$ cat model.txt   # compact mmCIF, C-alpha atoms
# COMPACT_ATOMS: atom_id res chain seq x y z
CA MET A 1 27.73 10.86 -40.18
CA ASP A 2 26.11 8.57 -37.63
CA ALA A 3 22.71 9.20 -39.20
CA GLN A 4 24.02 8.26 -42.65
CA ARG A 5 25.64 5.10 -41.26
CA ALA A 6 22.40 4.12 -39.55
CA LEU A 7 20.50 4.70 -42.79
CA LEU A 8 22.92 2.50 -44.72
CA ASP A 9 22.68 -0.18 -42.02
CA GLU A 10 18.93 -0.10 -42.32
CA LEU A 11 18.95 -0.35 -46.14
CA MET A 12 21.89 -2.69 -46.76
CA GLY A 13 22.47 -4.39 -43.42
CA THR A 14 25.32 -4.18 -40.98
CA ALA A 15 27.45 -6.61 -43.04
CA ARG A 16 27.40 -4.54 -46.21
CA ASN A 17 31.14 -3.81 -46.12
CA LEU A 18 32.26 -7.35 -45.33
CA THR A 19 33.80 -9.75 -47.82
CA GLU A 20 32.27 -13.10 -48.60
CA GLU A 21 34.67 -14.85 -46.26
CA GLU A 22 33.95 -12.40 -43.48
CA LYS A 23 30.22 -12.73 -44.02
CA LYS A 24 30.47 -16.47 -43.38
CA GLY A 25 31.62 -15.86 -39.80
CA HIS A 26 29.44 -12.81 -39.33
CA LYS A 27 26.61 -13.08 -36.84
CA GLU A 28 23.44 -11.10 -37.44
CA LEU A 29 22.37 -9.15 -34.40
CA ARG A 30 19.05 -9.76 -32.67
CA TRP A 31 17.13 -7.32 -30.54
CA ASP A 32 17.89 -9.28 -27.32
CA ASP A 33 21.68 -9.23 -27.83
CA LYS A 34 23.77 -7.30 -25.33
CA GLU A 35 25.24 -5.18 -28.12
CA VAL A 36 21.82 -3.71 -28.87
CA CYS A 37 20.67 -0.61 -26.93
CA ALA A 38 17.71 -1.60 -24.76
CA PHE A 39 16.88 2.08 -24.13
CA TYR A 40 16.42 2.64 -27.86
CA MET A 41 14.28 -0.51 -28.10
CA VAL A 42 11.77 0.50 -25.44
CA ARG A 43 11.63 4.33 -25.46
CA PHE A 44 14.55 6.63 -26.25
CA CYS A 45 18.29 6.67 -25.72
CA PRO A 46 19.50 9.59 -23.55
CA HIS A 47 22.68 9.80 -25.63
CA ASP A 48 20.58 11.04 -28.56
CA LEU A 49 18.92 13.87 -26.59
CA PHE A 50 21.84 16.20 -25.82
CA VAL A 51 23.96 16.13 -28.95
CA ASN A 52 26.07 19.32 -29.33
CA THR A 53 24.90 20.78 -25.99
CA ARG A 54 26.62 21.37 -22.66
CA SER A 55 25.05 18.11 -21.42
CA ASP A 56 26.25 16.01 -24.38
CA LEU A 57 26.71 12.40 -23.24
CA GLY A 58 28.65 11.35 -26.31
CA PRO A 59 27.74 8.54 -28.73
CA CYS A 60 25.92 5.52 -27.36
CA PRO A 61 28.24 2.48 -27.07
CA ARG A 62 25.45 0.14 -28.19
CA VAL A 63 23.70 -0.44 -31.51
CA HIS A 64 20.67 1.58 -32.59
CA ASP A 65 18.81 -0.21 -35.37
CA GLN A 66 15.28 0.60 -36.49
CA LYS A 67 14.78 -2.89 -37.94
CA LEU A 68 15.72 -4.48 -34.63
CA LYS A 69 13.31 -2.14 -32.89
CA GLU A 70 10.50 -3.17 -35.23
CA SER A 71 11.42 -6.82 -34.67
CA PHE A 72 11.25 -6.23 -30.92
CA GLU A 73 7.82 -4.61 -31.18
CA LYS A 74 6.49 -7.58 -33.18
CA SER A 75 8.07 -10.20 -30.94
CA SER A 76 5.93 -12.41 -28.71
CA ARG A 77 8.31 -11.61 -25.85
CA HIS A 78 7.75 -7.86 -26.19
CA ASP A 79 5.45 -7.50 -23.18
CA ALA A 80 7.75 -9.59 -21.00
CA TYR A 81 10.86 -7.49 -21.79
CA VAL A 82 9.31 -4.01 -21.68
CA PRO A 83 9.24 -3.75 -17.83
CA LYS A 84 12.87 -4.88 -17.64
CA PHE A 85 14.08 -2.38 -20.27
CA GLU A 86 12.03 0.44 -18.78
CA ALA A 87 13.46 -0.23 -15.31
CA GLU A 88 17.02 -0.02 -16.72
CA LEU A 89 16.20 3.22 -18.55
CA ALA A 90 14.57 4.71 -15.44
CA LYS A 91 17.68 3.91 -13.39
CA PHE A 92 19.93 5.63 -15.96
CA CYS A 93 17.63 8.67 -16.18
CA GLU A 94 17.40 9.01 -12.39
CA LYS A 95 21.18 9.27 -12.24
CA LEU A 96 21.10 12.03 -14.87
CA VAL A 97 18.42 13.93 -12.96
CA MET A 98 20.30 13.58 -9.66
CA ASP A 99 23.39 15.17 -11.21
CA LEU A 100 21.26 17.90 -12.77
CA ASP A 101 19.44 18.65 -9.51
CA ARG A 102 22.79 18.98 -7.79
CA ARG A 103 23.78 21.63 -10.34
CA VAL A 104 20.42 23.37 -9.91
CA ARG A 105 20.91 23.56 -6.14
CA ARG A 106 24.34 25.08 -6.55
CA GLY A 107 22.98 27.64 -9.02
CA ARG A 108 20.10 28.46 -6.70
CA GLU A 109 22.50 29.02 -3.80
CA ARG A 110 24.64 31.25 -6.01
CA LEU A 111 21.65 33.41 -6.91
CA ALA A 112 20.49 33.51 -3.29
CA GLN A 113 23.75 35.01 -2.05
CA GLU A 114 23.20 38.44 -0.55
CA VAL A 115 25.22 41.35 -1.96
CA GLU A 116 27.14 42.68 1.01
CA PRO A 117 28.20 46.35 0.61
CA ALA A 118 31.87 47.12 1.03
CA PRO A 119 32.84 48.96 4.21
CA PRO A 120 32.94 52.73 3.66
CA ALA A 121 36.37 54.23 3.03
CA PRO A 122 37.65 56.78 5.58
CA LEU A 123 36.92 60.42 4.70
CA SER A 124 39.67 62.81 3.77
CA ALA A 125 40.77 65.61 6.14
CA GLU A 126 39.03 68.25 4.04
CA LYS A 127 35.70 66.37 4.01
CA SER A 128 36.02 65.66 7.71
CA GLU A 129 36.43 69.38 8.44
CA GLN A 130 33.45 70.25 6.22
CA LEU A 131 31.38 67.61 7.97
CA SER A 132 32.27 69.03 11.38
CA VAL A 133 31.24 72.52 10.27
CA LEU A 134 27.91 71.20 8.93
CA GLU A 135 27.17 69.33 12.12
CA GLU A 136 27.90 72.46 14.18
CA LYS A 137 25.56 74.54 12.00
CA LEU A 138 22.84 71.89 12.28
CA LYS A 139 23.16 71.86 16.04
CA ASN A 140 22.80 75.68 16.30
CA LEU A 141 19.86 75.76 13.89
CA LEU A 142 18.01 73.04 15.81
CA GLU A 143 18.48 74.97 19.05
CA GLN A 144 17.09 78.12 17.41
CA VAL A 145 14.12 76.19 16.02
CA GLU A 146 13.34 74.90 19.47
CA SER A 147 13.53 78.38 20.99
CA LEU A 148 11.28 79.91 18.31
CA GLY A 149 8.79 77.15 18.76
CA GLU A 150 8.57 77.81 22.50
CA ALA A 151 8.12 81.54 21.78
CA GLY A 152 5.30 80.85 19.38
CA LYS A 153 7.09 82.12 16.31
CA VAL A 154 5.98 79.39 13.97
CA ASP A 155 6.85 81.02 10.66
CA GLU A 156 10.40 81.76 11.64
CA ALA A 157 10.82 78.21 13.03
CA GLU A 158 9.61 76.73 9.70
CA ALA A 159 12.09 78.88 7.77
CA LEU A 160 14.94 77.59 9.91
CA MET A 161 13.72 73.98 9.43
CA ARG A 162 14.07 74.42 5.66
CA LYS A 163 17.68 75.45 6.20
CA VAL A 164 18.19 72.34 8.40
CA GLU A 165 16.85 70.08 5.62
CA ALA A 166 19.20 71.68 3.10
CA LEU A 167 22.18 71.14 5.40
CA ASN A 168 21.18 67.48 5.93
CA ALA A 169 21.08 66.93 2.15
CA GLU A 170 24.52 68.50 1.85
CA LYS A 171 25.77 66.22 4.62
CA THR A 172 24.41 63.12 2.84
CA VAL A 173 26.16 64.04 -0.39
CA LEU A 174 29.36 64.65 1.50
CA THR A 175 29.31 61.24 3.24
CA GLN A 176 28.08 59.16 0.24
CA GLN A 177 30.70 56.81 -1.32
CA PRO A 178 30.60 55.48 -4.94
CA GLN A 179 30.05 51.66 -5.29
CA ASN A 180 32.96 49.65 -6.62
CA ASP A 181 32.86 47.43 -9.71
CA LYS A 182 32.51 44.15 -7.73
CA VAL A 183 29.36 45.31 -5.99
CA LEU A 184 27.87 46.43 -9.28
CA MET A 185 28.67 43.06 -10.87
CA LEU A 186 27.02 41.10 -8.04
CA ALA A 187 24.00 43.36 -8.16
CA GLN A 188 23.69 42.72 -11.89
CA GLU A 189 24.04 38.95 -11.30
CA LYS A 190 21.00 39.07 -9.01
CA LYS A 191 18.94 39.74 -12.12
CA MET A 192 19.67 36.25 -13.45
CA ALA A 193 17.13 33.41 -13.25
CA LEU A 194 17.54 29.64 -13.19
CA CYS A 195 15.65 27.10 -15.30
CA GLU A 196 14.38 24.36 -12.97
CA VAL A 197 14.02 21.85 -15.84
CA CYS A 198 17.50 21.87 -17.38
CA GLY A 199 19.52 24.00 -14.91
CA SER A 200 20.45 26.73 -17.41
CA PHE A 201 20.90 30.35 -16.31
CA LEU A 202 18.53 32.82 -17.91
CA VAL A 203 18.25 36.59 -17.88
CA ALA A 204 15.27 37.65 -15.81
CA ASN A 205 12.58 39.44 -17.80
CA ASP A 206 14.42 38.62 -21.03
CA ALA A 207 12.83 39.01 -24.45
CA ALA A 208 10.15 36.50 -25.38
CA GLU A 209 12.11 35.31 -28.40
CA ARG A 210 15.14 34.37 -26.31
CA THR A 211 12.93 32.61 -23.75
CA GLN A 212 11.17 30.68 -26.52
CA SER A 213 14.52 29.76 -28.04
CA HIS A 214 15.61 28.27 -24.72
CA VAL A 215 12.36 26.31 -24.24
CA THR A 216 12.63 24.75 -27.70
CA GLY A 217 16.34 23.93 -27.33
CA LYS A 218 17.71 20.38 -27.23
CA GLN A 219 18.86 20.54 -23.61
CA HIS A 220 15.55 21.81 -22.25
CA ILE A 221 13.49 19.34 -24.32
CA GLY A 222 15.84 16.45 -23.50
CA TYR A 223 15.70 16.93 -19.75
CA GLY A 224 11.96 17.48 -20.02
CA MET A 225 11.59 14.07 -21.69
CA VAL A 226 13.78 12.47 -19.04
CA ARG A 227 11.80 13.99 -16.17
CA ASP A 228 8.46 13.11 -17.76
CA PHE A 229 9.54 9.50 -18.27
CA ILE A 230 10.67 9.16 -14.63
CA ALA A 231 7.38 10.59 -13.38
CA GLU A 232 5.40 8.28 -15.70
CA PHE A 233 7.46 5.24 -14.66
CA LYS A 234 7.00 5.96 -10.94
CA GLU A 235 3.27 6.53 -11.41
CA ALA A 236 2.88 3.24 -13.32
CA LYS A 237 4.93 1.42 -10.68
CA GLU A 238 2.84 2.88 -7.88
CA LYS A 239 -0.35 1.99 -9.75
CA ALA A 240 0.85 -1.59 -10.23
CA ARG A 241 1.78 -1.80 -6.56
CA GLU A 242 -1.68 -0.50 -5.57
CA GLU A 243 -3.40 -2.97 -7.89
CA GLU A 244 -1.34 -5.79 -6.42
CA ARG A 245 -2.29 -4.68 -2.91
CA LEU A 246 -5.98 -4.54 -3.82
CA ALA A 247 -5.72 -7.98 -5.44
CA ARG A 248 -4.18 -9.40 -2.26
CA GLU A 249 -6.88 -7.80 -0.13
CA LYS A 250 -9.56 -9.16 -2.46
CA GLU A 251 -8.05 -12.63 -2.29
CA VAL A 252 -7.93 -12.46 1.50
CA GLU A 253 -11.54 -11.28 1.60
CA GLU A 254 -12.64 -14.09 -0.70
CA ARG A 255 -10.84 -16.62 1.46
CA ARG A 256 -12.51 -15.19 4.55
CA LYS A 257 -15.93 -15.39 2.93
CA GLN A 258 -15.21 -18.95 1.79
CA ARG A 259 -14.24 -19.91 5.33
CA GLU A 260 -17.43 -18.30 6.65
CA LYS A 261 -19.51 -20.22 4.11
CA GLU A 262 -17.80 -23.48 5.05
CA TYR A 263 -18.34 -22.72 8.74
CA GLU A 264 -22.03 -21.93 8.16
CA SER A 265 -22.38 -25.09 6.07
CA ARG A 266 -20.81 -27.19 8.81
CA SER A 267 -22.98 -25.47 11.41
CA ARG A 268 -26.14 -26.22 9.42
CA SER A 269 -24.99 -29.82 8.91
CA ASP A 270 -24.28 -30.23 12.63
CA SER A 271 -27.64 -28.64 13.47
CA GLY A 272 -29.40 -31.02 11.04
CA ASP A 273 -27.64 -34.00 12.59
CA ARG A 274 -28.65 -32.84 16.07
CA ASP A 275 -32.24 -32.48 14.90
CA LYS A 276 -32.12 -35.97 13.41
CA TYR A 277 -30.69 -37.36 16.62
CA GLN A 278 -33.34 -35.53 18.62
CA ASP A 279 -36.07 -36.87 16.33
CA ARG A 280 -34.60 -40.33 16.58
CA GLY A 281 -34.47 -39.97 20.36
CA LYS A 282 -38.08 -38.85 20.43
CA ASP A 283 -39.09 -41.75 18.19
CA SER A 284 -37.12 -44.12 20.39
CA ASP A 285 -38.83 -42.73 23.47
CA ARG A 286 -42.20 -43.18 21.82
CA TYR A 287 -41.29 -46.70 20.79
CA GLN A 288 -40.16 -47.50 24.32
CA GLU A 289 -43.35 -46.08 25.81
CA ARG A 290 -45.36 -48.06 23.30
CA ASP A 291 -43.45 -51.25 24.17
CA LEU A 292 -43.96 -50.57 27.84
CA ASP A 293 -47.65 -50.05 27.31
CA ARG A 294 -47.82 -53.26 25.34
CA GLU A 295 -45.88 -55.09 28.05
CA ARG A 296 -48.15 -53.76 30.75
CA SER A 297 -51.16 -54.70 28.67
CA ARG A 298 -49.80 -58.22 28.23
CA GLU A 299 -49.11 -58.51 31.92
CA ARG A 300 -52.59 -57.36 32.78
CA ASN A 301 -54.10 -59.71 30.22
CA GLY A 302 -51.89 -62.56 31.44
CA ARG A 303 -52.82 -62.08 35.08
CA GLY A 304 -56.46 -61.87 34.16
CA SER A 305 -56.36 -65.08 32.14
CA ARG A 306 -54.35 -66.90 34.80
CA ASP A 307 -56.71 -65.78 37.56
CA GLY A 308 -59.73 -66.77 35.47
CA GLU A 309 -58.25 -70.15 34.66
CA ARG A 310 -57.28 -70.74 38.28
CA GLU A 311 -60.76 -69.77 39.42
CA TRP A 312 -62.33 -72.01 36.76
CA ARG A 313 -60.13 -74.91 37.78
CA TYR A 314 -60.88 -74.29 41.38
CA LYS A 315 -64.60 -74.30 40.87
CA ASN A 316 -64.59 -77.38 38.68
CA GLY A 317 -62.21 -79.34 40.85
CA ARG A 318 -59.72 -79.93 38.18
CA ASP A 319 -56.72 -79.32 40.37
CA GLY A 320 -58.09 -80.59 43.73
CA GLY A 321 -58.62 -77.18 44.98
CA ARG A 322 -62.25 -77.77 45.72
CA ASP A 323 -61.56 -80.95 47.66
CA ARG A 324 -58.98 -79.16 49.68
CA TYR A 325 -61.49 -76.48 50.29
CA GLN A 326 -64.09 -79.05 51.35
CA ASN A 327 -61.62 -80.85 53.56
CA ARG A 328 -60.69 -77.62 55.23
CA SER A 329 -64.34 -76.86 55.91
CA ARG A 330 -65.14 -80.38 57.26
CA PRO A 331 -64.90 -80.79 61.14
CA ARG A 332 -62.29 -83.18 62.42
CA SER A 333 -63.31 -86.17 64.81
CA PRO A 334 -61.73 -86.08 68.26
CA GLY A 335 -61.17 -89.77 68.38
CA ARG A 336 -59.20 -89.82 65.29
CA HIS A 337 -57.13 -87.00 66.43
CA SER A 338 -56.70 -88.42 69.92
CA ASN A 339 -55.67 -91.76 68.54
CA ARG A 340 -53.27 -90.23 66.22
CA ARG A 341 -51.88 -88.11 68.93
CA SER A 342 -51.69 -90.97 71.43
CA SER A 343 -49.92 -93.06 68.95
CA ARG A 344 -47.41 -90.37 68.28
CA SER A 345 -46.95 -88.84 71.72
CA PRO A 346 -45.18 -90.81 74.41
CA VAL A 347 -46.99 -91.81 77.65
CA ARG A 348 -45.74 -89.89 80.55
CA ARG A 349 -45.52 -91.61 83.95
CA TYR A 350 -46.39 -89.85 87.07
$ encode --input "model.txt" --output "C-alpha cells"
Amino acid sequence: MDAQRALLDELMGTARNLTEEEKKGHKELRWDDKEVCAFYMVRFCPHDLFVNTRSDLGPCPRVHDQKLKESFEKSSRHDAYVPKFEAELAKFCEKLVMDLDRRVRRGRERLAQEVEPAPPAPLSAEKSEQLSVLEEKLKNLLEQVESLGEAGKVDEAEALMRKVEALNAEKTVLTQQPQNDKVLMLAQEKKMALCEVCGSFLVANDAAERTQSHVTGKQHIGYGMVRDFIAEFKEAKEKAREEERLAREKEVEERRKQREKEYESRSRSDSGDRDKYQDRGKDSDRYQERDLDRERSRERNGRGSRDGEREWRYKNGRDGGRDRYQNRSRPRSPGRHSNRRSSRSPVRRY
C-alpha cells in the first residue's frame, strides 16, 4: 500500500487528492523541509530495511519522495548537506547497533552456560545390597590376584582380572542414573549458534539451504547495511581528521620555513650592512691617512719655504737681520760703555 501511494505521489504529486480550494493553501514540499526524511535523501532509511521482520521499526514518520531525492542530488547545496545528513544517519544507526549488540551478548551468555548435571538420586535398598555384594566380591578377587601374582601364577591371575573387569562393568550399570528431560533439553540447546551480524539463533551445522536463506533474509541484509555504513562513516571521518592534521602540520612547517627564510634574509642584510660599514670605515681610515699625509707634506713644505725665505731675507738684509748680526759681531768701545755706565750709575762716596 505504501509503495502504491509513493508511486502515485511520484506520478501525480502529493496534492493529487486535494480540491482546488485546498490546493491554493497547499505548500509543495522541498528536500530541505523537516517533513522530508534526510536518511532517505542521503543513503537509506532504516525503517525500510526490516519490514515484516522481528526487528521491524514501523513506518517512517517522514516523507520519502524520489523526486525530492533527485532534486537534492542536483542541488548546488548537495555537498554542503551530505555530511550533516550522514552524521544524523550514523547516530541513528549506532543506536540500532548498540541495542543489537546488547541482544547478541545476552544470547552469547545463554549459549555459554554450562550444563550442570543433576545430583544423583539415592539408590534403592535392593540396589544398595547388590552393590555391597559386588564390592565384597571385587575385594576378594583383588586379594587373590595379588596372591597369585606373588606366587608367580600369571595365567591364573589374568583369569581373575577378567572377572574383576566384568564385576566393575556390572557395578557401573548398577550405579548409572538416566538423565532427566531438562538436562537433555539444555544439552540440545548447546548445539545452537548465534549470528554475530543480526543476532539471530541458528542451528549449528544446519543445512546449506537454511543457512543461505538466513544470509539472504531482510534482517541479516539490513543489519549488514547498517554495520557497513557505520564502518564506512567512521573510516571517512578518521581519514578527514588525518588529512586535517596533516594540513595543519604542513601549514606549521611552511610557516617555520618562511620564518627561517626571513631570518636568513635579515641576517644576510645585516651582514651586508656590516660589510658596507666596514668598507666605509676602511675608506674613511684611508682618507684620514691621506689627509694626514697631505697635512704633514704641507707642514714640511711650509717650514721649508719659511726657512728659505727667512734665510734669504737674512742674507739680503731685508729684515735687518744682517745688521743685527754685524752689530753683534762688532766690538764695543770702553769709553762709550763707561760713559754710559757712569751716567747711569750713581757715584758712591767713600
$ closest_residue --input "model.txt" --among "A:Val226, A:Leu49, A:Val42, A:Val97" --to "Glu73 in chain A" --atoms "all atoms listed in the file"
A:Val42
$ axis_aligned_box --input "model.txt" --around "range 236-248 of chain A" --padding-each-side "5 Å" --output "JSON"
{"center_x": -0.5, "center_y": -3.1, "center_z": -7.8, "size_x": 20.9, "size_y": 22.6, "size_z": 21.1}
$ residues_around --input "model.txt" --residues "range 128-139 of chain A" --least-positions-apart "3" --cutoff "8 Å" --atoms "only C-alpha atoms" --output "ChimeraX atom specification"
/A:123-125,142-143,164,167-168,171,174
$ atom_distance --input "model.txt" --atom1 "CA of Phe44 in chain A" --atom2 "CA of Leu89 in chain A"
8.6 Å
$ atom_distance --input "model.txt" --atom1 "CA of Gln219 in chain A" --atom2 "CA of Tyr81 in chain A"
29.2 Å
$ closest_residue --input "model.txt" --among "A:Gln66, A:Ser200, A:Thr175, A:Thr53" --to "Val36 in chain A" --atoms "all atoms listed in the file"
A:Gln66
$ closest_residue --input "model.txt" --among "A:Arg294, A:Arg268, A:Lys257, A:Arg227" --to "Lys95 in chain A" --atoms "all atoms listed in the file"
A:Arg227
$ atom_distance --input "model.txt" --atom1 "CA of Glu109 in chain A" --atom2 "CA of Glu209 in chain A"
27.4 Å
$ residues_near_point --input "model.txt" --point "(16.0, 23.0, -13.5)" --cutoff "9 Å" --atoms "only C-alpha atoms" --output "MDAnalysis selection string"
chainID A and resid 100:101 103:105 194:200 220 223
$ residues_around --input "model.txt" --residues "Gly58 in chain A" --least-positions-apart "5" --cutoff "12 Å" --atoms "all atoms listed in the file" --output "ChimeraX atom specification"
/A:2,45-53
$ write_last_selection --input "model.txt" --atoms "C-alpha atoms" --output "mmCIF file, in the frame of the given file"
data_model
loop_
_atom_site.group_PDB
_atom_site.id
_atom_site.type_symbol
_atom_site.label_atom_id
_atom_site.label_comp_id
_atom_site.auth_asym_id
_atom_site.auth_seq_id
_atom_site.Cartn_x
_atom_site.Cartn_y
_atom_site.Cartn_z
ATOM 1 C CA ASP A 2 26.110 8.570 -37.630
ATOM 2 C CA CYS A 45 18.290 6.670 -25.720
ATOM 3 C CA PRO A 46 19.500 9.590 -23.550
ATOM 4 C CA HIS A 47 22.680 9.800 -25.630
ATOM 5 C CA ASP A 48 20.580 11.040 -28.560
ATOM 6 C CA LEU A 49 18.920 13.870 -26.590
ATOM 7 C CA PHE A 50 21.840 16.200 -25.820
ATOM 8 C CA VAL A 51 23.960 16.130 -28.950
ATOM 9 C CA ASN A 52 26.070 19.320 -29.330
ATOM 10 C CA THR A 53 24.900 20.780 -25.990
#
$ residues_around --input "model.txt" --residues "Val63 in chain A" --least-positions-apart "3" --cutoff "8 Å" --atoms "only C-alpha atoms" --output "number ranges by chain"
A: 35-37, 60
$ closest_residue --input "model.txt" --among "A:Leu202, A:Leu29, A:Ala193, A:Leu148" --to "His214 in chain A" --atoms "all atoms listed in the file"
A:Leu202
